[in-house]
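Everything below belongs to input_30.txt, which stores compact mmCIF, C-alpha atoms.
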# COMPACT_ATOMS: atom_id res chain seq x y z
CA MET A 1 10.86 -17.20 -70.05
CA GLU A 2 7.12 -16.81 -70.63
CA ASN A 3 6.59 -19.06 -67.63
CA LEU A 4 8.10 -16.69 -65.10
CA LEU A 5 5.20 -14.31 -64.51
CA PRO A 6 2.63 -17.11 -64.19
CA ILE A 7 4.93 -18.91 -61.72
CA ILE A 8 5.15 -15.79 -59.58
CA PHE A 9 1.41 -15.21 -59.64
CA ILE A 10 0.46 -18.84 -59.06
CA TYR A 11 2.75 -19.53 -56.12
CA ILE A 12 2.08 -16.27 -54.30
CA LEU A 13 -1.69 -16.22 -54.63
CA VAL A 14 -3.33 -19.17 -56.40
CA ASP A 15 -1.44 -22.10 -54.89
CA ASN A 16 -0.22 -20.33 -51.76
CA PHE A 17 2.10 -22.72 -49.96
CA VAL A 18 0.60 -22.29 -46.50
CA LEU A 19 -3.06 -21.68 -47.16
CA GLN A 20 -3.68 -23.96 -50.12
CA GLN A 21 -1.00 -26.65 -49.95
CA PHE A 22 -0.43 -27.02 -46.19
CA LEU A 23 3.33 -26.58 -46.32
CA GLY A 24 5.12 -24.83 -43.48
CA ILE A 25 2.26 -24.92 -41.00
CA CYS A 26 4.46 -25.26 -37.89
CA PRO A 27 6.27 -21.91 -38.28
CA PHE A 28 3.02 -20.38 -39.55
CA ILE A 29 1.35 -21.18 -36.22
CA GLY A 30 4.50 -20.77 -34.14
CA VAL A 31 5.93 -17.39 -35.16
CA SER A 32 2.80 -15.50 -36.20
CA ARG A 33 2.19 -14.05 -32.74
CA LYS A 34 4.02 -10.79 -33.37
CA MET A 35 4.52 -8.73 -36.51
CA GLU A 36 8.21 -8.24 -35.75
CA THR A 37 9.17 -11.91 -35.53
CA ALA A 38 6.91 -12.72 -38.48
CA THR A 39 8.81 -10.23 -40.63
CA GLY A 40 12.15 -11.68 -39.57
CA MET A 41 11.03 -15.24 -40.17
CA GLY A 42 9.62 -14.26 -43.57
CA MET A 43 12.90 -12.72 -44.66
CA ALA A 44 14.91 -15.67 -43.38
CA VAL A 45 12.67 -18.07 -45.28
CA VAL A 46 12.91 -16.10 -48.56
CA PHE A 47 16.68 -16.11 -48.26
CA VAL A 48 17.05 -19.77 -47.27
CA MET A 49 14.53 -21.02 -49.82
CA ALA A 50 16.12 -19.23 -52.78
CA MET A 51 19.64 -20.35 -51.85
CA ALA A 52 18.54 -23.89 -51.02
CA THR A 53 16.70 -24.33 -54.30
CA VAL A 54 19.63 -23.11 -56.38
CA ALA A 55 21.95 -25.45 -54.49
CA THR A 56 19.69 -28.52 -54.62
CA TRP A 57 18.76 -27.96 -58.26
CA SER A 58 22.43 -27.81 -59.27
CA LEU A 59 23.25 -30.82 -57.14
CA TYR A 60 20.44 -32.81 -58.73
CA THR A 61 21.20 -31.83 -62.34
CA TYR A 62 24.98 -31.99 -62.26
CA VAL A 63 25.68 -34.73 -59.72
CA LEU A 64 22.72 -36.99 -59.02
CA VAL A 65 21.42 -37.38 -62.58
CA PRO A 66 24.78 -38.01 -64.34
CA PHE A 67 25.68 -40.68 -61.77
CA ASN A 68 22.19 -42.16 -61.72
CA LEU A 69 21.76 -41.46 -58.00
CA GLN A 70 18.27 -39.93 -58.06
CA TYR A 71 17.19 -42.19 -55.22
CA LEU A 72 19.49 -40.21 -52.92
CA GLU A 73 17.59 -36.97 -53.51
CA ILE A 74 15.86 -36.89 -50.12
CA VAL A 75 19.06 -37.47 -48.14
CA ALA A 76 21.14 -35.11 -50.28
CA PHE A 77 18.58 -32.28 -50.31
CA ILE A 78 17.96 -32.27 -46.57
CA LEU A 79 21.69 -32.18 -45.86
CA VAL A 80 22.20 -29.20 -48.16
CA ILE A 81 19.31 -27.40 -46.49
CA ALA A 82 20.57 -28.17 -42.98
CA ALA A 83 24.02 -26.81 -43.84
CA LEU A 84 22.54 -23.66 -45.35
CA VAL A 85 20.36 -22.99 -42.33
CA GLN A 86 23.39 -23.29 -40.09
CA LEU A 87 25.11 -20.70 -42.26
CA VAL A 88 22.22 -18.25 -42.06
CA GLU A 89 22.08 -18.72 -38.31
CA THR A 90 25.75 -17.90 -37.82
CA PHE A 91 25.41 -14.95 -40.18
CA LEU A 92 22.37 -13.53 -38.38
CA ARG A 93 23.92 -13.92 -34.93
CA LYS A 94 26.76 -11.65 -36.04
CA ILE A 95 24.73 -9.12 -38.04
CA SER A 96 21.61 -8.63 -35.93
CA PRO A 97 21.55 -10.09 -32.41
CA THR A 98 18.09 -8.63 -31.70
CA LEU A 99 16.55 -10.41 -34.66
CA TYR A 100 18.43 -13.55 -33.64
CA GLN A 101 16.91 -13.35 -30.16
CA GLY A 102 13.44 -12.79 -31.56
CA LEU A 103 13.53 -15.78 -33.86
CA GLY A 104 14.96 -17.91 -31.07
CA ILE A 105 14.24 -21.56 -31.50
CA TYR A 106 12.50 -21.13 -34.86
CA LEU A 107 15.63 -20.46 -36.88
CA PRO A 108 17.08 -23.96 -36.51
CA LEU A 109 13.55 -25.14 -37.16
CA ILE A 110 13.71 -23.77 -40.73
CA THR A 111 15.53 -27.02 -41.40
CA THR A 112 12.37 -28.85 -40.52
CA ASN A 113 10.19 -26.30 -42.30
CA CYS A 114 8.63 -28.61 -44.83
CA ALA A 115 8.12 -25.74 -47.26
CA VAL A 116 11.87 -25.50 -47.89
CA LEU A 117 12.31 -29.17 -48.73
CA ALA A 118 9.04 -29.16 -50.68
CA VAL A 119 10.23 -26.30 -52.92
CA ALA A 120 13.47 -28.15 -53.64
CA LEU A 121 11.65 -31.38 -54.47
CA LEU A 122 8.88 -29.76 -56.51
CA ALA A 123 11.34 -27.70 -58.57
CA VAL A 124 13.06 -30.91 -59.64
CA ARG A 125 9.85 -32.87 -60.17
CA GLN A 126 8.23 -30.20 -62.33
CA GLU A 127 11.38 -30.07 -64.44
CA PHE A 128 11.89 -26.33 -64.08
CA THR A 129 15.04 -24.72 -65.46
CA LEU A 130 17.44 -23.08 -63.01
CA LEU A 131 15.93 -19.64 -63.59
CA GLU A 132 12.39 -20.95 -63.22
CA SER A 133 13.33 -22.84 -60.05
CA THR A 134 14.81 -19.73 -58.47
CA VAL A 135 11.78 -17.64 -59.34
CA PHE A 136 9.54 -20.46 -58.09
CA ALA A 137 11.41 -20.59 -54.77
CA VAL A 138 11.25 -16.84 -54.25
CA ALA A 139 7.56 -16.73 -55.17
CA ALA A 140 6.73 -19.60 -52.84
CA ALA A 141 8.68 -17.96 -50.02
CA VAL A 142 6.98 -14.61 -50.64
CA GLY A 143 3.62 -16.41 -50.56
CA PHE A 144 4.62 -18.00 -47.25
CA SER A 145 5.71 -14.64 -45.82
CA LEU A 146 2.50 -13.01 -47.05
CA ALA A 147 0.37 -15.57 -45.24
CA LEU A 148 2.56 -15.24 -42.14
CA LEU A 149 2.29 -11.44 -42.11
CA ILE A 150 -1.47 -11.39 -42.63
CA MET A 151 -1.81 -13.90 -39.81
CA ALA A 152 0.45 -11.88 -37.49
CA GLY A 153 -1.65 -8.78 -38.15
CA ILE A 154 -4.85 -10.63 -37.36
CA ARG A 155 -3.44 -12.26 -34.26
CA GLU A 156 -2.26 -8.96 -32.82
CA ARG A 157 -5.88 -7.83 -32.94
CA LEU A 158 -7.22 -11.15 -31.71
CA GLU A 159 -5.34 -10.51 -28.46
CA LEU A 160 -7.94 -7.87 -27.67
CA ALA A 161 -10.95 -9.96 -28.64
CA ALA A 162 -12.98 -12.11 -26.28
CA VAL A 163 -12.27 -15.61 -27.57
CA PRO A 164 -14.08 -18.58 -25.95
CA LYS A 165 -11.77 -20.12 -23.38
CA MET A 166 -11.42 -23.51 -25.07
CA LEU A 167 -10.50 -21.98 -28.43
CA GLN A 168 -7.80 -19.66 -27.12
CA GLY A 169 -4.35 -19.97 -28.62
CA SER A 170 -3.77 -22.36 -31.48
CA ALA A 171 -7.37 -23.43 -32.00
CA ILE A 172 -8.60 -19.95 -32.90
CA THR A 173 -5.48 -19.45 -35.03
CA LEU A 174 -6.34 -22.52 -37.08
CA ILE A 175 -9.93 -21.41 -37.54
CA THR A 176 -8.71 -17.97 -38.64
CA ALA A 177 -6.33 -19.67 -41.06
CA GLY A 178 -9.33 -21.55 -42.45
CA ILE A 179 -11.18 -18.33 -43.17
CA LEU A 180 -8.03 -16.82 -44.73
CA SER A 181 -7.66 -19.91 -46.86
CA LEU A 182 -11.26 -19.48 -47.96
CA ALA A 183 -10.43 -15.97 -49.08
CA PHE A 184 -7.41 -17.19 -51.04
CA MET A 185 -9.59 -19.78 -52.76
CA GLY A 186 -11.04 -16.87 -54.70
CA PHE A 187 -7.90 -17.01 -56.87
CA LYS A 188 -8.39 -20.71 -57.63
CA GLY A 189 -8.38 -21.55 -61.32
CA MET A 190 -7.31 -18.07 -62.42
CA MET A 191 -4.10 -19.41 -63.89
CA THR A 192 -2.35 -22.71 -64.43
CA LEU A 193 1.06 -23.55 -65.80
CA MET B 1 10.36 -51.26 -14.06
CA SER B 2 7.47 -51.88 -16.40
CA ASN B 3 6.01 -48.69 -14.99
CA VAL B 4 8.64 -46.65 -16.84
CA TYR B 5 7.68 -48.24 -20.15
CA LEU B 6 4.01 -47.64 -19.53
CA GLN B 7 4.74 -44.01 -18.81
CA ASP B 8 6.84 -43.64 -21.95
CA PHE B 9 4.06 -45.21 -23.97
CA GLN B 10 1.20 -43.14 -22.69
CA ARG B 11 3.11 -39.87 -22.78
CA GLY B 12 3.07 -39.84 -26.57
CA LEU B 13 -0.42 -41.24 -26.81
CA ILE B 14 -2.26 -39.15 -24.22
CA ARG B 15 -0.44 -36.51 -22.23
CA GLU B 16 1.68 -35.10 -25.04
CA ILE B 17 -0.15 -36.38 -28.11
CA PRO B 18 1.82 -34.54 -30.76
CA ILE B 19 -0.93 -33.07 -32.91
CA PHE B 20 -3.43 -31.99 -30.31
CA ARG B 21 -1.17 -30.99 -27.43
CA LEU B 22 2.13 -29.93 -28.93
CA LEU B 23 0.94 -28.86 -32.39
CA LEU B 24 3.85 -30.59 -34.10
CA GLY B 25 3.75 -32.25 -37.49
CA MET B 26 0.62 -30.49 -38.68
CA CYS B 27 1.30 -30.29 -42.43
CA PRO B 28 0.57 -33.92 -43.38
CA VAL B 29 -2.36 -34.03 -40.96
CA LEU B 30 -4.09 -31.17 -42.70
CA ALA B 31 -3.09 -32.21 -46.20
CA VAL B 32 -3.91 -35.90 -46.45
CA THR B 33 -6.98 -36.28 -44.27
CA THR B 34 -9.51 -35.85 -47.08
CA TYR B 35 -9.97 -39.63 -46.96
CA LEU B 36 -9.56 -42.09 -44.10
CA THR B 37 -7.41 -44.45 -46.21
CA ASN B 38 -4.96 -41.64 -46.94
CA GLY B 39 -4.83 -40.74 -43.27
CA ILE B 40 -4.12 -44.29 -42.12
CA GLY B 41 -1.51 -44.79 -44.86
CA MET B 42 0.26 -41.59 -43.89
CA GLY B 43 0.10 -42.48 -40.20
CA LEU B 44 1.57 -45.94 -40.73
CA ALA B 45 4.35 -44.62 -42.96
CA ALA B 46 5.35 -41.94 -40.45
CA THR B 47 5.12 -44.39 -37.52
CA ALA B 48 7.36 -46.89 -39.30
CA VAL B 49 9.96 -44.18 -39.85
CA LEU B 50 9.61 -42.93 -36.28
CA ILE B 51 10.08 -46.35 -34.69
CA CYS B 52 13.03 -47.32 -36.90
CA SER B 53 14.81 -44.00 -36.48
CA ASN B 54 14.22 -44.00 -32.72
CA LEU B 55 15.73 -47.49 -32.53
CA VAL B 56 18.81 -46.71 -34.59
CA ILE B 57 19.43 -43.31 -33.02
CA SER B 58 19.22 -44.61 -29.47
CA ALA B 59 21.42 -47.59 -30.34
CA LEU B 60 24.08 -45.29 -31.82
CA ARG B 61 23.59 -42.42 -29.36
CA ASN B 62 27.07 -42.72 -27.85
CA TYR B 63 28.77 -42.50 -31.23
CA PHE B 64 27.24 -39.21 -32.41
CA PRO B 65 29.49 -36.20 -31.62
CA ALA B 66 27.36 -33.75 -29.62
CA GLN B 67 27.91 -30.74 -31.91
CA VAL B 68 26.78 -32.44 -35.09
CA ARG B 69 24.13 -34.73 -33.64
CA ILE B 70 21.23 -33.06 -35.49
CA PRO B 71 22.67 -33.63 -38.99
CA CYS B 72 23.37 -37.23 -37.91
CA PHE B 73 19.75 -37.67 -36.81
CA ILE B 74 18.54 -36.21 -40.09
CA VAL B 75 20.63 -38.59 -42.17
CA VAL B 76 19.24 -41.58 -40.26
CA ILE B 77 15.68 -40.32 -40.66
CA ALA B 78 16.13 -39.49 -44.35
CA THR B 79 17.47 -42.97 -45.02
CA PHE B 80 14.39 -44.60 -43.52
CA VAL B 81 12.11 -42.19 -45.37
CA THR B 82 13.79 -43.11 -48.66
CA MET B 83 13.16 -46.77 -47.88
CA VAL B 84 9.51 -46.20 -47.00
CA ASP B 85 9.12 -44.05 -50.11
CA MET B 86 10.44 -46.77 -52.41
CA MET B 87 8.44 -49.52 -50.74
CA MET B 88 5.21 -47.60 -50.96
CA GLU B 89 5.85 -46.79 -54.61
CA ALA B 90 6.29 -50.50 -55.26
CA PHE B 91 3.52 -52.03 -53.16
CA VAL B 92 0.74 -49.42 -52.86
CA PRO B 93 1.12 -47.24 -55.97
CA ALA B 94 -2.41 -45.76 -55.81
CA LEU B 95 -1.98 -44.57 -52.23
CA TYR B 96 1.54 -43.37 -53.02
CA GLU B 97 0.14 -41.29 -55.86
CA ARG B 98 -2.49 -39.68 -53.61
CA LEU B 99 -0.08 -38.86 -50.78
CA GLY B 100 2.35 -37.36 -53.30
CA ILE B 101 5.01 -35.06 -51.91
CA PHE B 102 3.99 -35.67 -48.31
CA ILE B 103 5.81 -39.02 -48.21
CA PRO B 104 9.29 -37.54 -48.79
CA LEU B 105 8.28 -34.72 -46.46
CA ILE B 106 8.12 -37.16 -43.53
CA VAL B 107 11.83 -36.30 -43.21
CA VAL B 108 10.97 -32.85 -41.96
CA ASN B 109 8.08 -33.94 -39.74
CA CYS B 110 8.85 -32.18 -36.46
CA ILE B 111 7.57 -35.12 -34.39
CA ILE B 112 10.29 -37.47 -35.61
CA LEU B 113 13.21 -35.09 -35.18
CA GLY B 114 11.66 -33.90 -31.92
CA ARG B 115 11.56 -37.41 -30.46
CA ALA B 116 15.11 -38.08 -31.64
CA GLU B 117 16.42 -34.92 -29.99
CA ALA B 118 14.32 -35.00 -26.83
CA PHE B 119 14.17 -38.72 -26.15
CA ALA B 120 15.94 -41.28 -28.30
CA GLY B 121 19.25 -39.42 -28.33
CA LYS B 122 19.60 -39.84 -24.58
CA ARG B 123 17.81 -43.03 -23.58
CA PRO B 124 18.21 -46.81 -23.96
CA VAL B 125 16.92 -48.72 -26.95
CA LEU B 126 13.88 -50.40 -25.47
CA ARG B 127 12.47 -47.22 -23.95
CA SER B 128 12.98 -45.40 -27.25
CA LEU B 129 11.09 -48.15 -29.04
CA VAL B 130 8.15 -47.81 -26.66
CA ASP B 131 8.28 -44.03 -26.97
CA GLY B 132 8.23 -44.32 -30.77
CA LEU B 133 5.25 -46.66 -30.61
CA GLY B 134 3.32 -44.32 -28.32
CA ASN B 135 3.98 -41.20 -30.37
CA GLY B 136 3.29 -43.01 -33.63
CA LEU B 137 -0.02 -44.27 -32.32
CA GLY B 138 -0.88 -40.78 -31.09
CA PHE B 139 -0.17 -39.45 -34.57
CA ILE B 140 -2.34 -42.14 -36.18
CA VAL B 141 -5.20 -41.43 -33.76
CA ALA B 142 -5.13 -37.73 -34.64
CA LEU B 143 -5.10 -38.52 -38.37
CA ILE B 144 -8.01 -40.95 -38.01
CA VAL B 145 -10.16 -38.56 -36.00
CA LEU B 146 -9.67 -35.67 -38.40
CA ALA B 147 -10.06 -37.87 -41.49
CA LEU B 148 -13.28 -39.38 -40.15
CA VAL B 149 -14.79 -35.93 -39.63
CA ARG B 150 -13.65 -34.59 -42.98
CA GLU B 151 -14.54 -37.62 -45.08
CA THR B 152 -17.94 -38.12 -43.51
CA ILE B 153 -18.97 -34.53 -44.06
CA GLY B 154 -16.90 -33.65 -47.11
CA ALA B 155 -17.53 -36.76 -49.22
CA GLY B 156 -20.32 -38.63 -47.43
CA THR B 157 -18.27 -41.85 -47.48
CA ILE B 158 -15.87 -43.83 -45.35
CA LEU B 159 -12.77 -45.57 -46.73
CA GLY B 160 -13.09 -43.85 -50.11
CA PRO B 161 -12.23 -42.76 -52.75
CA ASP B 162 -11.77 -46.26 -54.22
CA PRO B 163 -15.36 -47.29 -55.09
CA GLU B 164 -14.68 -50.92 -54.07
CA THR B 165 -14.01 -50.13 -50.43
CA ALA B 166 -16.00 -46.91 -50.07
CA ILE B 167 -19.05 -47.09 -47.83
CA ARG B 168 -21.71 -44.52 -48.67
CA LEU B 169 -23.10 -43.30 -45.39
CA PHE B 170 -26.07 -41.19 -46.33
CA GLY B 171 -27.39 -42.88 -49.48
CA ASP B 172 -27.33 -41.51 -53.00
CA ASN B 173 -29.17 -38.27 -52.38
CA TYR B 174 -26.56 -36.78 -50.06
CA GLN B 175 -24.87 -33.69 -51.39
CA PRO B 176 -21.40 -33.58 -49.80
CA MET B 177 -20.38 -30.42 -48.03
CA LEU B 178 -17.42 -29.84 -50.29
CA ILE B 179 -15.78 -27.20 -48.13
CA PHE B 180 -14.61 -29.89 -45.71
CA ALA B 181 -12.70 -31.66 -48.47
CA LEU B 182 -11.00 -28.40 -49.46
CA PRO B 183 -8.15 -26.61 -47.60
CA PRO B 184 -10.35 -24.18 -45.57
CA GLY B 185 -12.32 -27.09 -44.15
CA ALA B 186 -9.13 -28.78 -42.98
CA PHE B 187 -8.06 -25.74 -40.98
CA ILE B 188 -11.50 -25.14 -39.49
CA ALA B 189 -12.13 -28.79 -38.63
CA LEU B 190 -8.75 -29.13 -36.92
CA GLY B 191 -9.28 -25.85 -35.06
CA LEU B 192 -12.63 -26.99 -33.71
CA LEU B 193 -11.25 -30.43 -32.84
CA LEU B 194 -8.44 -28.76 -30.95
CA GLY B 195 -10.96 -26.76 -28.96
CA MET B 196 -12.85 -29.94 -28.17
CA VAL B 197 -9.68 -31.75 -27.07
CA ASN B 198 -8.77 -28.78 -24.85
CA TYR B 199 -12.19 -29.00 -23.25
CA ILE B 200 -12.02 -32.76 -22.66
CA TYR B 201 -8.50 -32.57 -21.23
CA LYS B 202 -9.57 -29.79 -18.92
CA ARG B 203 -12.63 -31.68 -17.67
CA LEU B 204 -10.63 -34.85 -17.10
CA ASN B 205 -7.86 -32.82 -15.49
CA ILE B 206 -5.07 -34.23 -17.64
CA LYS B 207 -2.05 -32.02 -17.52
Let's see the structure in the file written out as structure tokens.
Amino acid sequence: MENLLPIIFIYILVDNFVLQQFLGICPFIGVSRKMETATGMGMAVVFVMAMATVATWSLYTYVLVPFNLQYLEIVAFILVIAALVQLVETFLRKISPTLYQGLGIYLPLITTNCAVLAVALLAVRQEFTLLESTVFAVAAAVGFSLALLIMAGIRERLELAAVPKMLQGSAITLITAGILSLAFMGFKGMMTL
Amino acid sequence: MSNVYLQDFQRGLIREIPIFRLLLGMCPVLAVTTYLTNGIGMGLAATAVLICSNLVISALRNYFPAQVRIPCFIVVIATFVTMVDMMMEAFVPALYERLGIFIPLIVVNCIILGRAEAFAGKRPVLRSLVDGLGNGLGFIVALIVLALVRETIGAGTILGPDPETAIRLFGDNYQPMLIFALPPGAFIALGLLLGMVNYIYKRLNIK
């Protein structure tokens, strides 16, 4: 129990998934052009990550470990995640077609968002309990969304700035991410588990 | 005939080099390039998976039902990643330790699934093999370039951190510019490299 608050703090700010651990860079660059899509992506990731971690954690503890099948973890985890993403996609298409249009190709790409698989793997490797894993997944996803939203805000303003021609687009985004990451390094060492 | 193969090969290596042109598969590139050895190890591991999965997927392409082809691709890729993961743990434990979670994460590397979906799932075996080789080499080149920049500036060595292979470039009095070994340096170095690549491609008129 006493681990929960530190986990939240660490994975949102100190060890931010995008800016400190380089997980989920593709969607971070790809969907951070507009605030609207960034918000949608962020919510989708929070939802998928929490569900995926609960599912993979249970699968690992109650199926893979008792049958001594730990070596199957990569295959099993990615299949669970792929199925879940499909579910969210179908769900979203029914509930909110506008959001579905906005996210476009990036929703199926949550499957290949390395942050989702990384959360599932790290939760098992760090031997978190189910409650800790869930909190860890939500915190990591919130950290991801936070980075995504900050980036979307900056990029909306960058549109108006005079960027050197060669650096336009992804190059300037990466450099901006570097400066953001520098800012987040201020939290480094504040807390460890 | 051979012209087709040459085109397949150089598409992944030059025209659509995944990191610099398509911005796919960035996570491992940013994460492991603190040292050249890590970069090369990561590149070889991912290339091995890419070539094997391209081969198997294109050989089995007529047996995958169209609606569930992506899960099928993922299972093939995940199987090869598991194999690479175990082999690296057994034969190069030190490197395996340093690359950490990024070895299992090869499964979700967009380049591999991207090639499976866009190329290997529709084309014959030999062309898919050549395509895998080209893209794998392109990935390795990107890793080497970024790792060279970051290790030279960030640690002042080449082929570190193992003291037996490390070559100290600037003598003992060099104070490394630590920022390049840390996350912010990775982003900034790749951003600047990307700008440089854009410039070169524009000057050489490569579309």
* **Polymer residues at most 10 Å from stretch 159-168 of chain B, only C-alpha atoms, same-chain spacing of 2 or more positions, as a ChimeraX atom specification** => /B:34-40,94,147-148,151-152,155-157,170-172,174
Create the file for the chosen residues now, containing C-alpha atoms and written as a PDB file, in the frame of the given file.
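Once everything was written out, this is part_34.pdb:
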ATOM      1  CA  THR B  34      -9.510 -35.850 -47.080  1.00  0.00           C
ATOM      2  CA  TYR B  35      -9.970 -39.630 -46.960  1.00  0.00           C
ATOM      3  CA  LEU B  36      -9.560 -42.090 -44.100  1.00  0.00           C
ATOM      4  CA  THR B  37      -7.410 -44.450 -46.210  1.00  0.00           C
ATOM      5  CA  ASN B  38      -4.960 -41.640 -46.940  1.00  0.00           C
ATOM      6  CA  GLY B  39      -4.830 -40.740 -43.270  1.00  0.00           C
ATOM      7  CA  ILE B  40      -4.120 -44.290 -42.120  1.00  0.00           C
ATOM      8  CA  ALA B  94      -2.410 -45.760 -55.810  1.00  0.00           C
ATOM      9  CA  ALA B 147     -10.060 -37.870 -41.490  1.00  0.00           C
ATOM     10  CA  LEU B 148     -13.280 -39.380 -40.150  1.00  0.00           C
ATOM     11  CA  GLU B 151     -14.540 -37.620 -45.080  1.00  0.00           C
ATOM     12  CA  THR B 152     -17.940 -38.120 -43.510  1.00  0.00           C
ATOM     13  CA  ALA B 155     -17.530 -36.760 -49.220  1.00  0.00           C
ATOM     14  CA  GLY B 156     -20.320 -38.630 -47.430  1.00  0.00           C
ATOM     15  CA  THR B 157     -18.270 -41.850 -47.480  1.00  0.00           C
ATOM     16  CA  PHE B 170     -26.070 -41.190 -46.330  1.00  0.00           C
ATOM     17  CA  GLY B 171     -27.390 -42.880 -49.480  1.00  0.00           C
ATOM     18  CA  ASP B 172     -27.330 -41.510 -53.000  1.00  0.00           C
ATOM     19  CA  TYR B 174     -26.560 -36.780 -50.060  1.00  0.00           C
TER      20      TYR B 174
END
* Could the residues of chain A within 6 Å of chain B, counting all atoms listed in the file, be given as JSON, numbers by chain, please? => {"A": [20, 22, 23, 25, 75, 112, 114, 166, 167, 171, 174, 175, 178, 181, 182]}
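Of note, atom CA of A:Leu5 and atom CA of A:Met191 are spaced 10.6 Å apart.
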* Structure fact -> One residue among B:Arg11, B:Arg69, B:Arg98, B:Arg61 is nearest to B:Met42 when using all atoms listed in the file, and that residue is B:Arg98
* List the residues sitting within 10 Å of (-4.0, -11.8, -33.5) in the file's frame, using all atoms listed in the file, as a ChimeraX atom specification. => /A:32-35,150-161,169,172-173,176
* **Counting only C-alpha atoms, the residue of B:Gln175, B:Gln10, B:Ser128, B:Thr47 that sits nearest B:Ile140** => B:Thr47
